[in-house]
>>> print(open('upload19.cif').read())   # mmCIF, C-alpha atoms
data_data
loop_
_atom_site.label_atom_id
_atom_site.label_comp_id
_atom_site.auth_asym_id
_atom_site.auth_seq_id
_atom_site.Cartn_x
_atom_site.Cartn_y
_atom_site.Cartn_z
CA MET U 1 91.76 -74.65 -80.48
CA THR U 2 94.76 -74.96 -82.79
CA PHE U 3 96.17 -78.47 -82.89
CA VAL U 4 99.73 -79.53 -83.75
CA GLN U 5 101.06 -82.96 -84.62
CA VAL U 6 104.79 -83.67 -84.24
CA ILE U 7 106.20 -86.55 -86.30
CA ASP U 8 109.64 -87.80 -85.30
CA CYS U 9 111.55 -90.19 -87.53
CA LYS U 10 114.98 -91.33 -88.68
CA THR U 11 115.77 -91.91 -92.34
CA ARG U 12 118.76 -92.05 -94.66
CA ARG U 13 116.48 -91.40 -97.63
CA TYR U 14 115.27 -87.87 -96.99
CA ASP U 15 115.27 -86.92 -100.69
CA ASP U 16 112.76 -89.70 -101.31
CA MET U 17 110.80 -88.61 -98.24
CA ASN U 18 110.73 -85.03 -99.50
CA ARG U 19 109.36 -86.13 -102.87
CA LEU U 20 106.75 -88.19 -101.05
CA MET U 21 105.60 -85.11 -99.14
CA ASP U 22 105.35 -83.18 -102.42
CA ASP U 23 103.18 -85.99 -103.79
CA TRP U 24 100.91 -85.75 -100.74
CA VAL U 25 100.53 -81.97 -101.11
CA ALA U 26 99.55 -82.38 -104.77
CA ALA U 27 97.20 -85.32 -104.11
CA THR U 28 95.31 -83.58 -101.28
CA GLU U 29 94.84 -80.20 -102.98
CA GLY U 30 91.41 -78.90 -102.02
CA LYS U 31 90.87 -81.67 -99.43
CA ARG U 32 93.59 -81.41 -96.79
CA THR U 33 92.92 -79.56 -93.55
CA ALA U 34 96.56 -78.99 -92.56
CA THR U 35 97.47 -75.29 -92.66
CA HIS U 36 101.22 -75.25 -91.97
CA SER U 37 104.09 -77.73 -92.11
CA ILE U 38 107.68 -77.35 -90.91
CA VAL U 39 110.39 -80.00 -91.29
CA GLY U 40 113.57 -79.78 -89.25
CA ARG U 41 116.75 -81.85 -89.33
CA ASP U 42 118.60 -82.60 -86.11
CA HIS U 43 121.70 -80.39 -86.06
CA THR U 44 123.77 -83.20 -84.51
CA ASP U 45 122.22 -86.18 -86.37
CA ASN U 46 121.66 -85.82 -90.12
CA ASP U 47 119.35 -88.85 -90.22
CA HIS U 48 116.97 -87.51 -87.58
CA TYR U 49 113.99 -85.43 -88.79
CA VAL U 50 111.04 -83.82 -87.08
CA GLU U 51 107.95 -82.56 -88.90
CA ILE U 52 105.48 -80.19 -87.22
CA ILE U 53 102.05 -79.98 -88.83
CA GLU U 54 99.45 -77.42 -87.78
CA PHE U 55 95.65 -77.79 -88.00
CA PRO U 56 92.79 -75.48 -87.01
CA SER U 57 91.57 -78.09 -84.50
CA TYR U 58 91.86 -81.72 -83.42
CA ALA U 59 88.71 -82.57 -85.39
CA LYS U 60 90.26 -81.13 -88.57
CA ALA U 61 93.43 -83.13 -87.94
CA MET U 62 91.35 -86.31 -87.75
CA GLU U 63 89.67 -85.41 -91.05
CA ASN U 64 93.10 -85.05 -92.58
CA SER U 65 94.28 -88.40 -91.15
CA ASN U 66 91.26 -90.15 -92.63
CA LEU U 67 91.98 -89.05 -96.19
CA PRO U 68 92.90 -92.06 -98.38
CA GLU U 69 95.87 -90.11 -99.70
CA THR U 70 97.18 -89.59 -96.17
CA ASN U 71 96.98 -93.30 -95.37
CA ARG U 72 98.78 -94.23 -98.58
CA ILE U 73 101.55 -91.69 -98.07
CA PHE U 74 101.99 -92.76 -94.45
CA GLU U 75 102.54 -96.37 -95.47
CA GLU U 76 105.14 -95.29 -98.02
CA MET U 77 106.78 -92.99 -95.48
CA VAL U 78 107.16 -95.82 -92.95
CA ALA U 79 108.97 -97.85 -95.60
CA LEU U 80 111.52 -95.04 -95.96
CA CYS U 81 112.16 -94.71 -92.22
CA ASP U 82 114.62 -96.55 -89.99
CA GLY U 83 111.97 -97.80 -87.62
CA MET U 84 108.43 -96.65 -86.89
CA PRO U 85 107.93 -92.85 -86.69
CA THR U 86 106.61 -91.50 -83.41
CA PHE U 87 103.70 -89.08 -83.15
CA THR U 88 102.97 -86.44 -80.49
CA ASP U 89 99.59 -84.69 -80.52
CA LEU U 90 99.50 -81.21 -78.99
CA ASP U 91 96.70 -78.78 -78.18
CA VAL U 92 98.27 -75.35 -78.63
CA VAL U 93 97.91 -73.33 -75.41
CA ARG U 94 100.12 -70.40 -76.42
CA ASP U 95 100.98 -69.12 -79.90
CA GLU U 96 102.93 -65.87 -79.91
CA GLN U 97 104.53 -64.50 -83.06
CA LEU U 98 106.95 -62.05 -81.45
CA ASN U 99 107.27 -59.69 -84.41
CA LYS U 100 103.48 -59.35 -84.51
CA ALA U 101 103.51 -58.39 -80.84
CA THR U 102 106.11 -55.69 -81.55
CA ALA U 103 104.02 -54.31 -84.42
CA ARG U 104 100.95 -54.17 -82.16
CA ARG U 105 102.94 -52.19 -79.59
CA PHE U 106 103.58 -49.54 -82.22
CA TYR U 107 99.88 -49.03 -82.94
CA GLU U 108 98.75 -49.27 -79.33
CA GLU U 109 101.52 -47.63 -77.33
CA VAL U 110 103.23 -45.29 -79.81
CA ALA U 111 100.55 -44.19 -82.29
CA MET U 112 97.54 -44.18 -79.94
CA GLY U 113 99.35 -43.94 -76.62
CA GLY U 114 101.80 -41.24 -77.69
CA ASP U 115 104.88 -42.89 -76.14
CA LEU U 116 107.45 -41.55 -78.61
CA ASP U 117 110.36 -42.69 -76.43
CA LEU U 118 109.31 -46.26 -77.14
CA VAL U 119 110.21 -45.76 -80.82
CA ASP U 120 113.90 -46.20 -80.01
CA GLU U 121 113.11 -49.59 -78.48
CA LEU U 122 110.92 -50.84 -81.31
CA PHE U 123 112.70 -49.40 -84.38
CA THR U 124 116.27 -49.55 -85.66
CA ALA U 125 118.20 -46.28 -85.86
CA ASP U 126 118.46 -46.63 -89.65
CA TYR U 127 114.77 -47.47 -90.12
CA ARG U 128 113.59 -46.94 -93.73
CA ASP U 129 110.07 -45.60 -94.25
CA HIS U 130 107.97 -45.71 -97.44
CA ASP U 131 104.79 -43.59 -97.21
CA ILE U 132 102.45 -42.44 -99.99
CA VAL U 133 102.04 -39.04 -98.30
CA LYS U 134 105.72 -38.14 -98.59
CA ALA U 135 107.29 -36.63 -101.67
CA GLU U 136 110.47 -38.62 -101.11
CA GLU U 137 110.29 -42.29 -102.04
CA THR U 138 112.16 -43.33 -98.88
CA THR U 139 112.98 -41.55 -95.64
CA VAL U 140 115.52 -42.90 -93.18
CA GLY U 141 115.85 -42.87 -89.39
CA SER U 142 113.69 -43.69 -86.38
CA ASP U 143 113.07 -39.95 -85.90
CA VAL U 144 110.91 -40.16 -89.03
CA ILE U 145 108.41 -42.27 -87.10
CA LYS U 146 108.46 -39.88 -84.13
CA GLN U 147 107.80 -36.89 -86.40
CA ASP U 148 105.05 -38.67 -88.30
CA VAL U 149 103.25 -39.84 -85.17
CA ALA U 150 103.53 -36.40 -83.57
CA GLY U 151 102.14 -34.77 -86.71
CA TRP U 152 99.16 -37.11 -86.98
CA ARG U 153 98.44 -36.79 -83.26
CA ASP U 154 98.49 -32.98 -83.54
CA ALA U 155 96.05 -33.12 -86.45
CA PHE U 156 93.69 -35.84 -85.20
CA ASP U 157 92.39 -37.51 -82.08
CA PHE U 158 92.48 -41.05 -83.50
CA THR U 159 92.40 -44.78 -82.88
CA PHE U 160 93.69 -47.78 -84.80
CA THR U 161 91.75 -51.04 -85.00
CA LEU U 162 93.90 -53.94 -86.17
CA GLU U 163 91.69 -56.07 -88.39
CA SER U 164 94.37 -58.70 -88.99
CA GLU U 165 98.10 -59.33 -88.76
CA LEU U 166 99.91 -61.83 -90.96
CA ALA U 167 103.51 -62.84 -90.28
CA GLU U 168 105.91 -64.64 -92.58
CA GLY U 169 109.66 -64.78 -92.20
CA ASP U 170 110.96 -61.36 -91.15
CA GLN U 171 107.82 -59.47 -92.24
CA VAL U 172 104.48 -58.63 -90.67
CA CYS U 173 101.55 -57.26 -92.66
CA ALA U 174 98.90 -55.38 -90.68
CA LEU U 175 95.45 -54.53 -92.06
CA TRP U 176 93.98 -51.69 -90.01
CA THR U 177 91.09 -49.28 -89.73
CA TRP U 178 91.89 -45.75 -88.55
CA ARG U 179 89.23 -43.45 -87.10
CA GLY U 180 89.81 -39.89 -86.01
CA THR U 181 88.46 -36.43 -85.30
CA HIS U 182 90.12 -33.56 -87.16
CA GLN U 183 91.37 -31.23 -84.44
CA GLY U 184 94.52 -29.57 -85.86
CA ASP U 185 96.28 -28.51 -89.04
CA PHE U 186 96.58 -31.34 -91.57
CA MET U 187 98.32 -30.72 -94.87
CA GLY U 188 97.31 -27.06 -94.63
CA LEU U 189 93.70 -27.83 -93.70
CA GLN U 190 92.52 -26.07 -90.56
CA PRO U 191 90.58 -28.11 -87.96
CA THR U 192 87.05 -29.00 -89.00
CA GLY U 193 85.94 -31.20 -86.11
CA GLN U 194 84.98 -33.74 -88.79
CA GLU U 195 84.91 -37.41 -87.79
CA VAL U 196 86.75 -39.41 -90.44
CA SER U 197 87.98 -42.92 -91.10
CA MET U 198 90.13 -44.87 -93.55
CA ARG U 199 91.53 -48.33 -94.04
CA GLY U 200 95.10 -49.20 -94.85
CA THR U 201 97.91 -51.70 -94.62
CA THR U 202 101.43 -51.54 -93.30
CA VAL U 203 104.11 -54.09 -94.12
CA TRP U 204 106.86 -54.12 -91.50
CA ARG U 205 110.26 -55.76 -91.96
CA PHE U 206 112.22 -56.80 -88.88
CA ASP U 207 115.90 -57.20 -88.10
CA ASP U 208 116.96 -58.76 -84.77
CA GLY U 209 113.53 -58.11 -83.27
CA LYS U 210 113.31 -54.44 -84.27
CA ILE U 211 111.37 -52.83 -87.11
CA CYS U 212 113.86 -51.82 -89.79
CA GLU U 213 111.56 -50.94 -92.70
CA GLY U 214 107.91 -50.08 -93.29
CA TRP U 215 105.60 -49.65 -96.28
CA TRP U 216 102.38 -47.67 -95.71
CA THR U 217 99.39 -47.83 -98.06
CA TYR U 218 96.13 -46.06 -97.20
CA ASP U 219 93.25 -44.11 -98.72
CA LEU U 220 94.56 -40.57 -98.39
CA LEU U 221 92.27 -39.33 -101.17
CA GLY U 222 89.26 -40.70 -99.34
CA LEU U 223 90.39 -38.96 -96.16
CA LEU U 224 90.75 -35.64 -97.98
CA ARG U 225 87.27 -36.07 -99.45
CA GLN U 226 85.83 -36.55 -95.97
CA LEU U 227 87.60 -33.37 -94.86
CA GLY U 228 86.10 -31.45 -97.80
CA ALA U 229 89.51 -30.77 -99.35
CA VAL U 230 88.65 -32.45 -102.67
CA SER U 231 85.33 -33.02 -104.41
CA SER U 232 83.81 -36.48 -104.67
#
>>> encode(input="upload19.cif", output="structure tokens")
Amino acid sequence: MTFVQVIDCKTRRYDDMNRLMDDWVAATEGKRTATHSIVGRDHTDNDHYVEIIEFPSYAKAMENSNLPETNRIFEEMVALCDGMPTFTDLDVVRDEQLNKATARRFYEEVAMGGDLDLVDELFTADYRDHDIVKAEETTVGSDVIKQDVAGWRDAFDFTFTLESELAEGDQVCALWTWRGTHQGDFMGLQPTGQEVSMRGTTVWRFDDGKICEGWWTYDLLGLLRQLGAVSS
């Protein structure tokens, strides 16, 4: 279970504190078990700071706490604070990256489920699409997604398996495996009934909770080989 530690402190020497944290990151390279750190400053109190540190588990957090470098940095941190920092230990019971959830809805409900009306809810009207299949470098508009999904669904009975989703800032990167049965015209190829598969990635960019841009990369050549359109 993911574990989070919240450190709450007050200091008038945040620049020194920040350099101290940089020292800790450098000193624990290859040894620390922390995976993510966020520092926030109180909007109404410039001397009030909260750090949120994420670990894979409570046991890993304890390993991190027992590092000599962690103990040394903690003692120096206390000296920079106005009073003793407070610690809150949390077992994470829900972790939902909302943009990742929206991306999953595209694969599950739009691409596989065929709900093209949902595109207007998930995508901005001026959505920009970058796809290796298209001659144009960029196509614009949410209708692009509707047309693409309809075309692929006409050509194949397919499923997506999301292998992983990584989110950072306003972007989500999805690594997926696509499997389908060729049942309709695809790039001029008449149906073969061939079962095919390919792997690919899509990087989605979000604006106000909607997908505003997408970059598709996948093994089209491998797909065409499986369909007998090109030689191995």
>>> residues_around(input="upload19.cif", residues="Gly228 of chain U", least_positions_apart="5", cutoff="12 Å", atoms="only C-alpha atoms", output="ChimeraX atom specification")
/U:182,189-196,221-223
>>> resolve_selection(input="upload19.cif", expression="the PyMOL selection byres ((chain U and resi 101) around 12)", output="list in words")
Asp95, Glu96, Gln97, Leu98, Asn99, Lys100, Thr102, Ala103, Arg104, Arg105, Phe106, Tyr107, Glu108, Glu109, Leu122, Leu162, Glu165, Leu166, Ala167, Val172, Ala174, Trp204, Phe206, Gly209, Lys210 and Ile211 of chain U
>>> atom_distance(input="upload19.cif", atom1="atom CA of Asp208 of chain U", atom2="atom CA of His36 of chain U")
23.9 Å
>>> residues_near_point(input="upload19.cif", point="(87.1, -50.1, -88.5)", cutoff="9 Å", atoms="all atoms listed in the file", output="PyMOL selection string")
chain U and resi 160-163+176-179+197-199
>>> residues_around(input="upload19.cif", residues="Asn46 of chain U", least_positions_apart="2", cutoff="12 Å", atoms="all atoms listed in the file", output="number ranges by chain")
U: 9-14, 40-44, 48-50
>>> closest_residue(input="upload19.cif", among="U:Cys81, U:Glu69, U:Asp120, U:Asp207", to="Asp16 of chain U", atoms="only C-alpha atoms")
U:Cys81
>>> closest_residue(input="upload19.cif", among="U:Ser57, U:Gln5, U:Thr217, U:Ser142", to="Cys173 of chain U", atoms="all atoms listed in the file")
U:Thr217
>>> atom_distance(input="upload19.cif", atom1="atom CA of Gly180 of chain U", atom2="atom CA of Gln226 of chain U")
11.2 Å
>>> closest_residue(input="upload19.cif", among="U:Asp22, U:Glu29, U:Asp47, U:Asp8", to="Asp89 of chain U", atoms="all atoms listed in the file")
U:Asp8
>>> resolve_selection(input="upload19.cif", expression="the PyMOL selection byres ((chain U and resi 38) around 10)", output="PyMOL selection string")
chain U and resi 6+36-37+39-40+50-54
>>> write_last_selection(input="upload19.cif", atoms="C-alpha atoms", output="PDB file, keeping the file's coordinate frame")
ATOM      1  CA  VAL U   6     104.790 -83.670 -84.240  1.00  0.00           C
ATOM      2  CA  HIS U  36     101.220 -75.250 -91.970  1.00  0.00           C
ATOM      3  CA  SER U  37     104.090 -77.730 -92.110  1.00  0.00           C
ATOM      4  CA  VAL U  39     110.390 -80.000 -91.290  1.00  0.00           C
ATOM      5  CA  GLY U  40     113.570 -79.780 -89.250  1.00  0.00           C
ATOM      6  CA  VAL U  50     111.040 -83.820 -87.080  1.00  0.00           C
ATOM      7  CA  GLU U  51     107.950 -82.560 -88.900  1.00  0.00           C
ATOM      8  CA  ILE U  52     105.480 -80.190 -87.220  1.00  0.00           C
ATOM      9  CA  ILE U  53     102.050 -79.980 -88.830  1.00  0.00           C
ATOM     10  CA  GLU U  54      99.450 -77.420 -87.780  1.00  0.00           C
TER      11      GLU U  54
END
>>> residues_around(input="upload19.cif", residues="Ile145 of chain U", least_positions_apart="2", cutoff="9 Å", atoms="only C-alpha atoms", output="PyMOL selection string")
chain U and resi 116+119+123+127+129+141-143+147-150
>>> atom_distance(input="upload19.cif", atom1="atom CA of Leu220 of chain U", atom2="atom CA of Ile132 of chain U")
8.3 Å
>>> resolve_selection(input="upload19.cif", expression="the PyMOL selection byres ((chain U and resi 23) around 12)", output="VMD selection string")
chain U and resid 16 to 22 24 to 29 69 to 70 72 to 74 76 to 77
>>> closest_residue(input="upload19.cif", among="U:Phe158, U:Glu213, U:Tyr58, U:Trp152", to="Val92 of chain U", atoms="all atoms listed in the file")
U:Tyr58
>>> closest_residue(input="upload19.cif", among="U:Pro68, U:Gly169, U:Gly30, U:Pro56", to="Thr2 of chain U", atoms="all atoms listed in the file")
U:Pro56
>>> axis_aligned_box(input="upload19.cif", around="segment 9-13 of chain U", padding_each_side="4 Å", output="JSON")
{"center_x": 115.2, "center_y": -91.1, "center_z": -92.6, "size_x": 15.2, "size_y": 9.9, "size_z": 18.1}
>>> closest_residue(input="upload19.cif", among="U:Met187, U:Leu175, U:Ala229, U:Ala59", to="Asp154 of chain U", atoms="all atoms listed in the file")
U:Met187
